[in-house]
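What's in model-v6.txt: compact mmCIF, C-alpha atoms
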# COMPACT_ATOMS: atom_id res chain seq x y z
CA MET A 1 -108.64 49.18 -8.72
CA LYS A 2 -105.68 47.45 -7.07
CA SER A 3 -105.41 50.09 -4.36
CA ILE A 4 -109.11 49.80 -3.53
CA ILE A 5 -108.90 46.01 -3.27
CA THR A 6 -105.78 46.26 -1.10
CA ILE A 7 -107.42 48.70 1.35
CA VAL A 8 -110.58 46.61 1.69
CA LEU A 9 -108.65 43.39 2.12
CA SER A 10 -106.40 44.98 4.73
CA LEU A 11 -109.42 46.07 6.78
CA PHE A 12 -110.87 42.58 6.71
CA LEU A 13 -107.46 41.12 7.48
CA PHE A 14 -106.98 43.10 10.69
CA ALA A 15 -110.59 42.58 11.68
CA GLY A 16 -110.36 38.83 11.35
CA VAL A 17 -106.89 37.96 12.65
CA SER A 18 -108.31 35.96 15.56
CA ALA A 19 -110.46 33.90 13.20
CA ARG A 20 -107.47 33.01 11.06
CA ASP A 21 -105.38 32.15 14.10
CA ASN A 22 -108.01 29.53 14.93
CA GLY A 23 -107.64 27.99 11.48
CA VAL A 24 -110.84 29.54 10.09
CA TRP A 25 -110.18 31.80 7.11
CA SER A 26 -112.41 34.25 5.32
CA LEU A 27 -112.18 34.80 1.57
CA GLU A 28 -110.56 38.19 2.14
CA GLN A 29 -107.89 36.69 4.37
CA CYS A 30 -107.18 33.92 1.86
CA ILE A 31 -106.65 36.43 -0.95
CA GLU A 32 -104.50 38.72 1.19
CA HIS A 33 -102.37 35.80 2.39
CA ALA A 34 -101.81 34.64 -1.19
CA ARG A 35 -100.92 38.17 -2.26
CA GLN A 36 -98.20 38.32 0.40
CA HIS A 37 -96.83 34.77 0.21
CA ASN A 38 -97.41 33.38 -3.27
CA LEU A 39 -94.08 32.58 -4.90
CA VAL A 40 -95.23 33.48 -8.41
CA ILE A 41 -96.23 36.94 -7.18
CA LYS A 42 -92.85 37.29 -5.45
CA GLN A 43 -91.09 36.39 -8.69
CA ARG A 44 -93.12 38.95 -10.62
CA SER A 45 -92.25 41.54 -7.94
CA LEU A 46 -88.55 40.76 -8.34
CA ASN A 47 -88.90 41.25 -12.09
CA ALA A 48 -90.50 44.62 -11.40
CA GLN A 49 -87.58 45.58 -9.14
CA TYR A 50 -85.16 44.51 -11.87
CA SER A 51 -87.01 46.70 -14.38
CA GLU A 52 -86.81 49.61 -11.96
CA ASN A 53 -83.04 49.12 -11.63
CA GLN A 54 -82.70 49.12 -15.42
CA TYR A 55 -84.70 52.34 -15.60
CA GLN A 56 -82.49 54.00 -12.96
CA GLN A 57 -79.36 52.84 -14.79
CA LYS A 58 -80.58 54.36 -18.07
CA LYS A 59 -81.03 57.69 -16.30
CA LEU A 60 -77.51 57.47 -14.86
CA ASN A 61 -76.12 56.85 -18.35
CA LEU A 62 -76.72 60.56 -19.09
CA TYR A 63 -73.98 61.54 -16.64
CA PRO A 64 -70.32 61.81 -17.67
CA SER A 65 -68.18 58.75 -17.30
CA VAL A 66 -64.96 59.33 -15.36
CA ASN A 67 -62.22 56.72 -15.02
CA GLY A 68 -58.77 56.58 -13.52
CA SER A 69 -55.89 54.37 -14.61
CA SER A 70 -52.54 53.35 -13.31
CA SER A 71 -49.90 50.86 -14.40
CA PHE A 72 -46.40 49.72 -13.52
CA THR A 73 -44.36 47.68 -16.00
CA THR A 74 -40.85 46.35 -16.28
CA ASN A 75 -39.34 46.27 -19.78
CA MET A 76 -36.09 44.48 -20.72
CA GLY A 77 -34.35 45.29 -24.01
CA ARG A 78 -32.80 48.02 -26.13
CA VAL A 79 -34.05 51.58 -25.47
CA ARG A 80 -32.83 55.11 -26.18
CA ASN A 81 -31.06 56.98 -23.40
CA ASP A 82 -32.80 60.35 -23.06
CA VAL A 83 -29.60 61.92 -21.68
CA ASN A 84 -27.12 61.22 -24.50
CA TYR A 85 -29.49 59.60 -27.01
CA GLU A 86 -27.46 56.42 -27.14
CA ILE A 87 -29.12 53.04 -27.72
CA ILE A 88 -28.51 50.89 -24.66
CA ASP A 89 -29.62 47.45 -23.52
CA VAL A 90 -31.08 47.86 -20.04
CA THR A 91 -34.00 47.01 -17.76
CA THR A 92 -36.55 49.85 -17.58
CA ARG A 93 -39.33 50.37 -15.08
CA VAL A 94 -42.26 52.55 -16.17
CA PHE A 95 -45.02 54.03 -14.01
CA ASN A 96 -48.16 55.56 -15.60
CA LEU A 97 -50.98 57.48 -13.91
CA GLY A 98 -53.96 59.12 -15.58
CA ALA A 99 -57.64 60.04 -15.53
CA SER A 100 -60.15 60.49 -18.36
CA ALA A 101 -63.72 61.72 -18.76
CA SER A 102 -66.26 61.41 -21.54
CA VAL A 103 -69.59 63.24 -21.92
CA PRO A 104 -72.18 62.24 -24.54
CA VAL A 105 -73.45 65.34 -26.33
CA PHE A 106 -75.67 63.97 -29.07
CA GLU A 107 -76.53 60.38 -29.97
CA GLY A 108 -79.75 60.74 -31.93
CA PHE A 109 -81.73 61.02 -28.68
CA THR A 110 -81.20 57.29 -28.13
CA ARG A 111 -80.39 57.71 -24.45
CA ARG A 112 -83.40 59.94 -23.78
CA ASN A 113 -85.68 57.51 -25.59
CA SER A 114 -84.12 54.61 -23.70
CA ILE A 115 -84.97 56.33 -20.42
CA GLU A 116 -88.60 56.76 -21.49
CA GLN A 117 -88.69 53.14 -22.60
CA GLY A 118 -87.22 52.02 -19.27
CA LEU A 119 -89.99 53.84 -17.40
CA VAL A 120 -92.64 52.21 -19.60
CA ASP A 121 -91.08 48.77 -19.10
CA TRP A 122 -91.04 49.30 -15.34
CA GLU A 123 -94.73 50.25 -15.35
CA ALA A 124 -95.46 47.18 -17.48
CA ALA A 125 -93.67 44.96 -14.95
CA LEU A 126 -95.82 46.42 -12.16
CA LYS A 127 -98.94 45.67 -14.23
CA GLU A 128 -97.69 42.11 -14.63
CA VAL A 129 -97.57 41.81 -10.83
CA GLU A 130 -101.10 43.17 -10.55
CA LYS A 131 -102.37 40.78 -13.24
CA THR A 132 -100.82 37.82 -11.42
CA GLU A 133 -102.45 38.92 -8.16
CA ASN A 134 -105.83 39.15 -9.88
CA ASP A 135 -105.48 35.72 -11.48
CA ILE A 136 -104.62 34.14 -8.15
CA ALA A 137 -107.46 35.98 -6.40
CA LEU A 138 -109.97 34.61 -8.92
CA ASN A 139 -108.58 31.11 -8.53
CA ILE A 140 -108.83 31.30 -4.74
CA THR A 141 -112.40 32.60 -5.02
CA ALA A 142 -113.36 29.61 -7.17
CA LEU A 143 -111.76 27.20 -4.68
CA TYR A 144 -113.51 28.97 -1.79
CA MET A 145 -116.89 28.65 -3.54
CA GLN A 146 -116.25 24.97 -4.15
CA ILE A 147 -115.75 24.44 -0.41
CA LEU A 148 -118.99 26.27 0.39
CA PHE A 149 -120.78 24.11 -2.18
CA ASP A 150 -119.32 20.91 -0.71
CA LYS A 151 -120.27 22.02 2.80
CA GLU A 152 -123.86 22.71 1.91
CA LEU A 153 -124.13 19.49 -0.09
CA LEU A 154 -122.70 17.57 2.86
CA ALA A 155 -125.24 19.18 5.19
CA ALA A 156 -128.04 18.09 2.84
CA GLY A 157 -126.61 14.58 2.70
CA ARG A 158 -126.43 14.34 6.47
CA HIS A 159 -130.02 15.51 6.68
CA GLN A 160 -131.07 12.77 4.29
CA LEU A 161 -129.13 10.22 6.34
CA GLU A 162 -130.88 11.43 9.47
CA LEU A 163 -134.28 10.97 7.82
CA VAL A 164 -133.40 7.45 6.70
CA ASN A 165 -132.08 6.53 10.18
CA MET A 166 -135.38 7.70 11.63
CA GLN A 167 -137.19 5.38 9.22
CA VAL A 168 -134.87 2.54 10.24
CA ASP A 169 -135.74 3.10 13.91
CA ARG A 170 -139.42 3.25 13.06
CA SER A 171 -139.22 0.06 10.97
CA GLU A 172 -137.44 -1.78 13.80
CA LYS A 173 -140.26 -0.92 16.20
CA LEU A 174 -142.92 -2.01 13.69
CA VAL A 175 -141.09 -5.28 13.01
CA ARG A 176 -140.87 -6.02 16.74
CA ALA A 177 -144.58 -5.26 17.03
CA GLY A 178 -145.32 -7.58 14.11
CA SER A 179 -146.87 -4.80 12.04
CA LEU A 180 -144.17 -4.83 9.33
CA PRO A 181 -142.34 -7.69 7.59
CA GLU A 182 -138.63 -7.97 8.34
CA GLY A 183 -137.78 -7.55 4.63
CA ASN A 184 -138.87 -3.92 4.81
CA LEU A 185 -136.46 -3.36 7.67
CA LEU A 186 -133.60 -4.93 5.72
CA GLU A 187 -134.37 -2.67 2.75
CA MET A 188 -134.33 0.39 4.98
CA ARG A 189 -131.04 -0.67 6.52
CA ALA A 190 -129.56 -1.09 3.05
CA LEU A 191 -130.83 2.36 2.15
CA ALA A 192 -129.26 3.78 5.32
CA ALA A 193 -125.94 2.12 4.46
CA ARG A 194 -126.04 3.69 1.02
CA GLU A 195 -126.81 7.12 2.48
CA LEU A 196 -123.93 6.71 4.92
CA SER A 197 -121.63 5.87 2.01
CA ASN A 198 -122.86 8.96 0.21
CA VAL A 199 -122.14 11.14 3.28
CA THR A 200 -118.64 9.64 3.49
CA ARG A 201 -118.06 10.50 -0.18
CA LEU A 202 -119.25 14.06 0.42
CA GLU A 203 -116.98 14.37 3.46
CA ASN A 204 -114.03 13.22 1.35
CA ASN A 205 -114.92 15.76 -1.33
CA LEU A 206 -114.97 18.51 1.29
CA THR A 207 -111.61 17.40 2.69
CA LEU A 208 -110.04 17.47 -0.77
CA SER A 209 -111.53 20.89 -1.52
CA LEU A 210 -110.08 22.26 1.71
CA LEU A 211 -106.72 20.75 0.81
CA ASP A 212 -106.85 22.35 -2.65
CA LEU A 213 -107.38 25.79 -1.12
CA ALA A 214 -104.71 25.24 1.55
CA GLN A 215 -102.23 24.25 -1.15
CA ALA A 216 -103.19 27.29 -3.23
CA LEU A 217 -102.32 29.37 -0.16
CA ASP A 218 -98.99 27.51 0.16
CA LEU A 219 -99.73 26.53 3.76
CA GLU A 220 -97.16 24.13 5.15
CA ASP A 221 -99.68 22.47 7.46
CA ALA A 222 -103.27 22.08 6.26
CA GLU A 223 -104.44 20.22 9.38
CA GLY A 224 -107.38 22.02 10.98
CA PHE A 225 -107.69 24.41 8.07
CA ASP A 226 -111.24 25.64 7.51
CA ILE A 227 -113.06 28.62 6.05
CA VAL A 228 -115.71 31.00 7.27
CA THR A 229 -119.20 30.16 6.04
CA PRO A 230 -120.64 33.59 5.25
CA GLU A 231 -124.26 34.62 5.23
CA ILE A 232 -125.29 34.29 1.60
CA PRO A 233 -127.44 37.26 0.53
CA GLU A 234 -130.82 36.63 -1.00
CA ILE A 235 -130.63 36.10 -4.74
CA SER A 236 -133.04 38.15 -6.81
CA GLY A 237 -131.48 38.45 -10.26
CA SER A 238 -131.05 42.20 -9.93
CA GLU A 239 -127.31 41.55 -9.67
CA LEU A 240 -127.09 40.82 -13.38
CA VAL A 241 -125.51 43.50 -15.56
CA ALA A 242 -125.12 44.30 -19.26
CA VAL A 243 -122.01 43.28 -21.17
CA SER A 244 -121.35 46.81 -22.45
CA SER A 245 -121.29 48.42 -19.00
CA VAL A 246 -118.91 45.81 -17.64
CA TYR A 247 -116.61 45.94 -20.66
CA ASP A 248 -116.43 49.74 -20.74
CA TYR A 249 -115.12 49.72 -17.18
CA ALA A 250 -112.87 46.67 -17.45
CA VAL A 251 -111.08 47.73 -20.64
CA ASN A 252 -109.91 50.93 -18.90
CA THR A 253 -108.88 49.39 -15.58
CA LEU A 254 -107.76 45.76 -15.87
CA PRO A 255 -103.98 45.31 -15.80
CA GLN A 256 -103.82 42.96 -18.81
CA ILE A 257 -105.09 45.75 -21.06
CA SER A 258 -102.77 48.33 -19.51
CA LEU A 259 -99.92 45.83 -19.83
CA ALA A 260 -100.56 45.36 -23.56
CA GLN A 261 -100.82 49.16 -24.00
CA LEU A 262 -97.51 49.72 -22.22
CA ARG A 263 -95.81 47.07 -24.32
CA LEU A 264 -97.08 48.86 -27.42
CA GLU A 265 -95.57 52.11 -26.11
CA SER A 266 -92.29 50.31 -25.45
CA SER A 267 -92.27 48.99 -29.02
CA GLU A 268 -92.85 52.50 -30.33
CA MET A 269 -89.84 53.67 -28.32
CA ASP A 270 -87.82 50.90 -29.99
CA VAL A 271 -88.52 52.55 -33.33
CA LYS A 272 -87.34 55.93 -32.04
CA ILE A 273 -84.19 54.37 -30.60
CA ALA A 274 -83.49 52.55 -33.85
CA LYS A 275 -83.88 55.79 -35.84
CA GLY A 276 -81.37 57.46 -33.52
CA TYR A 277 -78.58 55.29 -34.95
CA LEU A 278 -78.97 57.09 -38.32
CA TYR A 279 -77.62 60.32 -36.79
CA PRO A 280 -74.01 61.28 -36.02
CA ARG A 281 -72.79 60.69 -32.48
CA VAL A 282 -70.90 63.47 -30.70
CA SER A 283 -69.09 63.29 -27.39
CA LEU A 284 -66.61 65.40 -25.44
CA THR A 285 -63.48 63.86 -23.98
CA ALA A 286 -60.86 65.15 -21.59
CA GLY A 287 -58.09 63.67 -19.53
CA LEU A 288 -54.77 64.12 -17.80
CA GLY A 289 -51.86 61.87 -16.98
CA THR A 290 -48.15 61.43 -16.48
CA ASN A 291 -45.52 58.73 -16.66
CA VAL A 292 -42.17 58.09 -15.05
CA SER A 293 -39.51 55.74 -16.42
CA LYS A 294 -36.27 54.67 -14.71
CA TYR A 295 -33.39 52.78 -16.14
CA LYS A 296 -31.69 50.26 -13.96
CA GLN A 297 -28.87 51.93 -12.03
CA GLU A 298 -29.78 55.31 -13.54
CA PRO A 299 -27.77 58.04 -11.75
CA ASN A 300 -29.38 61.17 -10.30
CA PHE A 301 -32.92 59.82 -10.68
CA ASP A 302 -35.52 62.38 -9.51
CA PHE A 303 -38.99 60.80 -9.41
CA GLU A 304 -40.82 64.03 -8.49
CA ARG A 305 -39.25 66.04 -11.29
CA LYS A 306 -39.99 63.39 -13.93
CA PHE A 307 -43.54 63.01 -12.62
CA ARG A 308 -44.07 66.76 -13.01
CA ASP A 309 -42.20 67.20 -16.30
CA ASN A 310 -43.98 64.31 -18.05
CA ALA A 311 -47.49 65.44 -17.07
CA PHE A 312 -49.92 66.06 -19.91
CA ARG A 313 -53.55 67.11 -20.43
CA TYR A 314 -55.95 66.74 -23.32
CA TYR A 315 -59.49 67.51 -24.37
CA GLY A 316 -61.40 67.09 -27.61
CA VAL A 317 -64.51 66.25 -29.52
CA ASN A 318 -65.31 62.83 -30.98
CA VAL A 319 -67.70 62.66 -33.92
CA THR A 320 -68.87 59.40 -35.46
CA ILE A 321 -70.88 59.64 -38.68
CA PRO A 322 -72.63 56.46 -39.84
CA ILE A 323 -72.06 55.99 -43.58
CA PHE A 324 -72.40 52.31 -44.35
CA ASN A 325 -72.60 49.50 -41.78
CA GLY A 326 -74.41 46.78 -43.66
CA LEU A 327 -77.68 48.75 -43.41
CA GLN A 328 -77.96 47.63 -39.79
CA ALA A 329 -79.68 50.87 -38.72
CA ARG A 330 -82.23 50.65 -41.52
CA MET A 331 -82.93 47.00 -40.80
CA GLY A 332 -83.24 47.80 -37.10
CA ILE A 333 -85.93 50.35 -37.89
CA LYS A 334 -87.83 47.83 -40.00
CA ASN A 335 -87.68 45.18 -37.28
CA ALA A 336 -88.75 47.67 -34.61
CA SER A 337 -91.69 48.70 -36.79
CA LEU A 338 -92.73 45.06 -37.05
CA GLY A 339 -92.57 44.93 -33.26
CA VAL A 340 -94.98 47.86 -33.08
CA MET A 341 -97.42 46.11 -35.40
CA ASN A 342 -97.20 42.92 -33.34
CA ALA A 343 -97.76 44.85 -30.09
CA GLN A 344 -100.79 46.58 -31.61
CA HIS A 345 -102.23 43.21 -32.63
CA GLU A 346 -101.59 41.91 -29.11
CA LEU A 347 -103.41 44.90 -27.59
CA ASN A 348 -106.38 44.31 -29.89
CA ARG A 349 -106.27 40.60 -29.09
CA GLN A 350 -106.31 41.27 -25.35
CA LYS A 351 -109.32 43.56 -25.77
CA GLN A 352 -111.02 40.91 -27.89
CA VAL A 353 -110.29 38.21 -25.30
CA LEU A 354 -111.58 40.46 -22.52
CA ARG A 355 -114.81 41.15 -24.40
CA LYS A 356 -115.35 37.43 -25.00
CA GLU A 357 -114.60 36.63 -21.34
CA ILE A 358 -117.12 39.22 -20.16
CA GLN A 359 -119.72 38.04 -22.67
CA GLN A 360 -119.20 34.49 -21.46
CA ALA A 361 -119.31 35.56 -17.80
CA VAL A 362 -122.58 37.46 -18.28
CA ALA A 363 -124.10 34.58 -20.27
CA ASP A 364 -122.97 32.07 -17.62
CA ALA A 365 -124.42 34.25 -14.86
CA GLU A 366 -127.76 34.55 -16.64
CA ALA A 367 -127.85 30.80 -17.31
CA ALA A 368 -126.89 30.04 -13.71
CA PHE A 369 -129.65 32.34 -12.45
CA ARG A 370 -132.25 30.61 -14.63
CA GLN A 371 -130.97 27.26 -13.40
CA TYR A 372 -131.14 28.55 -9.83
CA MET A 373 -134.76 29.64 -10.21
CA ALA A 374 -135.68 26.36 -11.87
CA GLY A 375 -133.85 24.43 -9.17
CA GLN A 376 -135.59 26.39 -6.44
CA SER A 377 -138.97 25.50 -7.92
CA ALA A 378 -137.92 21.88 -8.40
CA VAL A 379 -136.75 21.55 -4.79
CA ALA A 380 -140.04 22.92 -3.51
CA SER A 381 -141.97 20.47 -5.68
CA TYR A 382 -139.84 17.42 -4.87
CA GLU A 383 -139.82 18.33 -1.17
CA GLU A 384 -143.62 18.40 -1.11
CA SER A 385 -143.76 15.18 -3.11
CA PHE A 386 -141.31 13.47 -0.76
CA ARG A 387 -143.27 14.65 2.28
CA TYR A 388 -146.42 13.11 0.82
CA THR A 389 -144.52 9.91 -0.07
CA GLU A 390 -143.11 9.71 3.45
CA GLN A 391 -146.57 10.04 4.98
CA ARG A 392 -147.90 7.24 2.79
CA PHE A 393 -144.85 5.11 3.59
CA ASN A 394 -145.34 5.65 7.32
CA VAL A 395 -148.90 4.32 7.19
CA GLY A 396 -147.91 1.31 5.05
CA LEU A 397 -149.47 2.49 1.77
CA LEU A 398 -146.10 2.57 -0.01
CA ASN A 399 -143.15 0.19 -0.15
CA SER A 400 -139.50 1.07 0.52
CA VAL A 401 -138.59 1.03 -3.18
CA ASP A 402 -141.00 3.84 -4.00
CA TYR A 403 -139.88 5.68 -0.89
CA ASN A 404 -136.26 5.40 -2.00
CA VAL A 405 -137.09 6.63 -5.50
CA SER A 406 -138.87 9.70 -4.13
CA LYS A 407 -136.06 10.44 -1.70
CA THR A 408 -133.41 10.07 -4.40
CA GLU A 409 -135.25 12.47 -6.70
CA TYR A 410 -135.57 14.96 -3.87
CA MET A 411 -131.88 14.66 -3.04
CA LYS A 412 -130.88 15.16 -6.68
CA ALA A 413 -133.10 18.23 -7.00
CA GLU A 414 -131.57 19.68 -3.84
CA SER A 415 -128.05 18.92 -5.09
CA ASP A 416 -128.76 20.57 -8.45
CA PHE A 417 -130.21 23.59 -6.69
CA ILE A 418 -127.16 24.01 -4.44
CA GLN A 419 -124.84 23.64 -7.40
CA ALA A 420 -126.78 26.26 -9.38
CA LYS A 421 -126.70 28.64 -6.44
CA TYR A 422 -122.93 28.57 -6.02
CA ALA A 423 -122.35 28.61 -9.76
CA TYR A 424 -124.38 31.80 -9.90
CA LEU A 425 -122.55 33.31 -6.91
CA LEU A 426 -119.19 32.52 -8.52
CA ARG A 427 -120.27 34.16 -11.77
CA LEU A 428 -121.35 37.22 -9.81
CA LYS A 429 -117.93 37.41 -8.15
CA ILE A 430 -116.28 37.24 -11.57
CA LEU A 431 -118.48 40.08 -12.79
CA ASP A 432 -117.65 42.02 -9.60
CA PHE A 433 -113.98 41.56 -10.41
CA TYR A 434 -114.42 42.92 -13.93
CA GLN A 435 -116.21 45.93 -12.45
CA GLY A 436 -113.42 46.66 -9.98
CA ARG A 437 -115.30 45.55 -6.89
CA PRO A 438 -113.49 43.73 -4.06
CA LEU A 439 -113.83 39.96 -3.94
CA VAL A 440 -115.68 39.62 -0.65
CA LEU A 441 -118.47 37.43 0.69
Let me see whether you can do it: turn the structure in this file into structure tokens.
Amino acid sequence: MKSIITIVLSLFLFAGVSARDNGVWSLEQCIEHARQHNLVIKQRSLNAQYSENQYQQKKLNLYPSVNGSSSFTTNMGRVRNDVNYEIIDVTTRVFNLGASASVPVFEGFTRRNSIEQGLVDWEAALKEVEKTENDIALNITALYMQILFDKELLAAGRHQLELVNMQVDRSEKLVRAGSLPEGNLLEMRALAARELSNVTRLENNLTLSLLDLAQALDLEDAEGFDIVTPEIPEISGSELVAVSSVYDYAVNTLPQISLAQLRLESSEMDVKIAKGYLYPRVSLTAGLGTNVSKYKQEPNFDFERKFRDNAFRYYGVNVTIPIFNGLQARMGIKNASLGVMNAQHELNRQKQVLRKEIQQAVADAEAAFRQYMAGQSAVASYEESFRYTEQRFNVGLLNSVDYNVSKTEYMKAESDFIQAKYAYLLRLKILDFYQGRPLVL
């Protein structure tokens, strides 16, 4: 799923570079930018690289270890003269040079199992990166939808203000003509002032929503930041899906489930590694070296001859058999088994959480759609009612209070309808995410 999302987002990114350069961002560009620049994602990626390095190191641990050594010391005191075997008190200088190698032969398969565990842990770290990217993408989608909602609500508010200003102009003309008392004009001006205040509040809400998204994108300068207002497709309700179909796909593709599964596999490898410490450990060793010693003022000292004569070589087999070590191996197996049980519970919990999230998302989408349909009907009714009220107000059959009540009810119905529409669209995007579809508008 990640690869599909990445390809789609990349296409939209290259197609819309000019739009972003002008400060207008699409949802796809926002998500792609966050994926590349978000610090949490970068930290998760570093953790994945660290896990990869650990995996590579565990593979290298299968190779022999080879080490060289060298030392030079000065000893002062009584030593035996190798020429005449007399005990003399003299200063002696000693030079040692050597090399050794060790090869693990059998260690209860602990190294092999550690390699497999390292690979699993690396894959789990990559799934953690993917999960973080998905979480951030969903958060950005919600912030993007909030901006679209605020924009549409602001447009409705400005339309209402325009209608009221037209009534103010009309009232001024009627007052000058003597056909309308001045009190009606004052009431209309007060209504216009209140509508202007409402528009200002909506503008502030939009500004804050844009700032929230810009901060989520970690933009240093949010001035001039704006988003693309897409063409919203017609809503029919056919977009709704069944919980079972969404869950069956999500449980096999979402990274949080794969992550829990990989952690279970890692815990199972812990058990195998712990059992390996019950077996004997066998290794091969080999080495070579030499040493040269020189007494102070020793006559006829031949460094090359002593270096060659004192050379030695060795090889052997080391066997360690665990007999009794405080039952550490047995206790390690028990603790590792508890880790497996805990990881299995975590996997089941993640599946349970996912099922509940999908159930809630489907229920929210269905509720939002019903609210959308009800809001659509309510807007049509209140719009017709307000049109009739406005006609009666224009011919003097209705006072400004009744006009204001009708307009307020119409505005509230329109606001509720817009809110229901974007709530439904957001729920659809969440369901798209669970089904592996790209988050696009």
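Of the residues listed (A:Glu220, A:Tyr424, A:Thr73, A:Phe433), A:Phe433 shows the shortest atom-to-atom separation from Asn139 (chain A); distances use all atoms listed in the file.
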Subject >> Residue contacts of region 42-50 of chain A (6 Å, all atoms listed in the file) excluding same-chain residues fewer than 3 positions away, as a list in words >> reply: Leu39, Asn53, Ala125, Leu126 and Val129 of chain A
Original post:
Near region 366-383 of chain A, counting only C-alpha atoms, which residues have an atom at most 8 Å away, once you skip same-chain residues fewer than 3 positions from it, shown as a list in words?
Top reply: Gly237, Leu240, Val362, Ala363, Phe386, Arg387, Ser406, Glu409, Tyr410, Ala413, Glu414, Asp416, Phe417, Ala420, Lys421, Ala423 and Tyr424 of chain A
Original post:
What's the 12 Å shell around Glu223 (chain A), counting only C-alpha atoms, without same-chain residues fewer than 3 positions away, as JSON, numbers by chain?
Top reply: {"A": [22, 23, 24, 207, 208, 210, 211, 214, 215, 219, 220, 226]}
Write to file, as an mmCIF file, in the frame of the given file, the residues of the selection just made, with C-alpha atoms.
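What follows is the written file selection21.cif:
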data_model
loop_
_atom_site.group_PDB
_atom_site.id
_atom_site.type_symbol
_atom_site.label_atom_id
_atom_site.label_comp_id
_atom_site.auth_asym_id
_atom_site.auth_seq_id
_atom_site.Cartn_x
_atom_site.Cartn_y
_atom_site.Cartn_z
ATOM 1 C CA ASN A 22 -108.010 29.530 14.930
ATOM 2 C CA GLY A 23 -107.640 27.990 11.480
ATOM 3 C CA VAL A 24 -110.840 29.540 10.090
ATOM 4 C CA THR A 207 -111.610 17.400 2.690
ATOM 5 C CA LEU A 208 -110.040 17.470 -0.770
ATOM 6 C CA LEU A 210 -110.080 22.260 1.710
ATOM 7 C CA LEU A 211 -106.720 20.750 0.810
ATOM 8 C CA ALA A 214 -104.710 25.240 1.550
ATOM 9 C CA GLN A 215 -102.230 24.250 -1.150
ATOM 10 C CA LEU A 219 -99.730 26.530 3.760
ATOM 11 C CA GLU A 220 -97.160 24.130 5.150
ATOM 12 C CA ASP A 226 -111.240 25.640 7.510
#
Original post:
Nearest to Met166 (chain A): which of A:Met188, A:Gly289, A:Pro181, A:Ile430 is it, counting all atoms listed in the file?
Top reply: A:Met188
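Remark: for Gln391 (chain A), the closest of the candidate residues A:Gln56, A:Gln167, A:Gly68, A:Val105 is A:Gln167 (distances computed over all atoms listed in the file).
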Can you tell me, as a compact mmCIF listing (two decimals) with C-alpha atoms, in the coordinates of the input, what residues are no more than 8 Å from region 193-200 of chain A when counting all atoms listed in the file, ignoring any on the same chain fewer than 5 positions away?
# COMPACT_ATOMS: atom_id res chain seq x y z
CA LEU A 154 -122.70 17.57 2.86
CA GLY A 157 -126.61 14.58 2.70
CA ARG A 158 -126.43 14.34 6.47
CA GLN A 160 -131.07 12.77 4.29
CA LEU A 161 -129.13 10.22 6.34
CA VAL A 164 -133.40 7.45 6.70
Original post:
Which residues come within 12 Å of region 115-122 of chain A, counting all atoms listed in the file, excluding same-chain residues fewer than 4 positions away, as a VMD selection string?
Top reply: chain A and resid 44 to 62 109 to 111 126 to 129 258 to 273
May I have the residues from that selection written out with C-alpha atoms, as a compact mmCIF listing (two decimals), in the frame of the given file?
# COMPACT_ATOMS: atom_id res chain seq x y z
CA ARG A 44 -93.12 38.95 -10.62
CA SER A 45 -92.25 41.54 -7.94
CA LEU A 46 -88.55 40.76 -8.34
CA ASN A 47 -88.90 41.25 -12.09
CA ALA A 48 -90.50 44.62 -11.40
CA GLN A 49 -87.58 45.58 -9.14
CA TYR A 50 -85.16 44.51 -11.87
CA SER A 51 -87.01 46.70 -14.38
CA GLU A 52 -86.81 49.61 -11.96
CA ASN A 53 -83.04 49.12 -11.63
CA GLN A 54 -82.70 49.12 -15.42
CA TYR A 55 -84.70 52.34 -15.60
CA GLN A 56 -82.49 54.00 -12.96
CA GLN A 57 -79.36 52.84 -14.79
CA LYS A 58 -80.58 54.36 -18.07
CA LYS A 59 -81.03 57.69 -16.30
CA LEU A 60 -77.51 57.47 -14.86
CA ASN A 61 -76.12 56.85 -18.35
CA LEU A 62 -76.72 60.56 -19.09
CA PHE A 109 -81.73 61.02 -28.68
CA THR A 110 -81.20 57.29 -28.13
CA ARG A 111 -80.39 57.71 -24.45
CA LEU A 126 -95.82 46.42 -12.16
CA LYS A 127 -98.94 45.67 -14.23
CA GLU A 128 -97.69 42.11 -14.63
CA VAL A 129 -97.57 41.81 -10.83
CA SER A 258 -102.77 48.33 -19.51
CA LEU A 259 -99.92 45.83 -19.83
CA ALA A 260 -100.56 45.36 -23.56
CA GLN A 261 -100.82 49.16 -24.00
CA LEU A 262 -97.51 49.72 -22.22
CA ARG A 263 -95.81 47.07 -24.32
CA LEU A 264 -97.08 48.86 -27.42
CA GLU A 265 -95.57 52.11 -26.11
CA SER A 266 -92.29 50.31 -25.45
CA SER A 267 -92.27 48.99 -29.02
CA GLU A 268 -92.85 52.50 -30.33
CA MET A 269 -89.84 53.67 -28.32
CA ASP A 270 -87.82 50.90 -29.99
CA VAL A 271 -88.52 52.55 -33.33
CA LYS A 272 -87.34 55.93 -32.04
CA ILE A 273 -84.19 54.37 -30.60
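Counting from CA of Asp150 (chain A), the distance to CA of Thr408 (chain A) is 18.2 Å.
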Edge lengths and centre in Å, axis-aligned, region 427-432 of chain A plus 3 Å each side, as lines of an AutoDock Vina configuration file:
center_x = -118.8
center_y = 38.1
center_z = -10.5
size_x = 11.1
size_y = 13.9
size_z = 10.6
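Taking CA of Val66 (chain A) and CA of Tyr315 (chain A) as the two end points, the separation is 13.3 Å.
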**OP:** Give the answer as one residue: which of A:Lys412, A:Leu138, A:Ser71, A:Arg305 has the shortest atom-to-atom distance to Ile31 (chain A), using only C-alpha atoms?
**Re:** A:Leu138
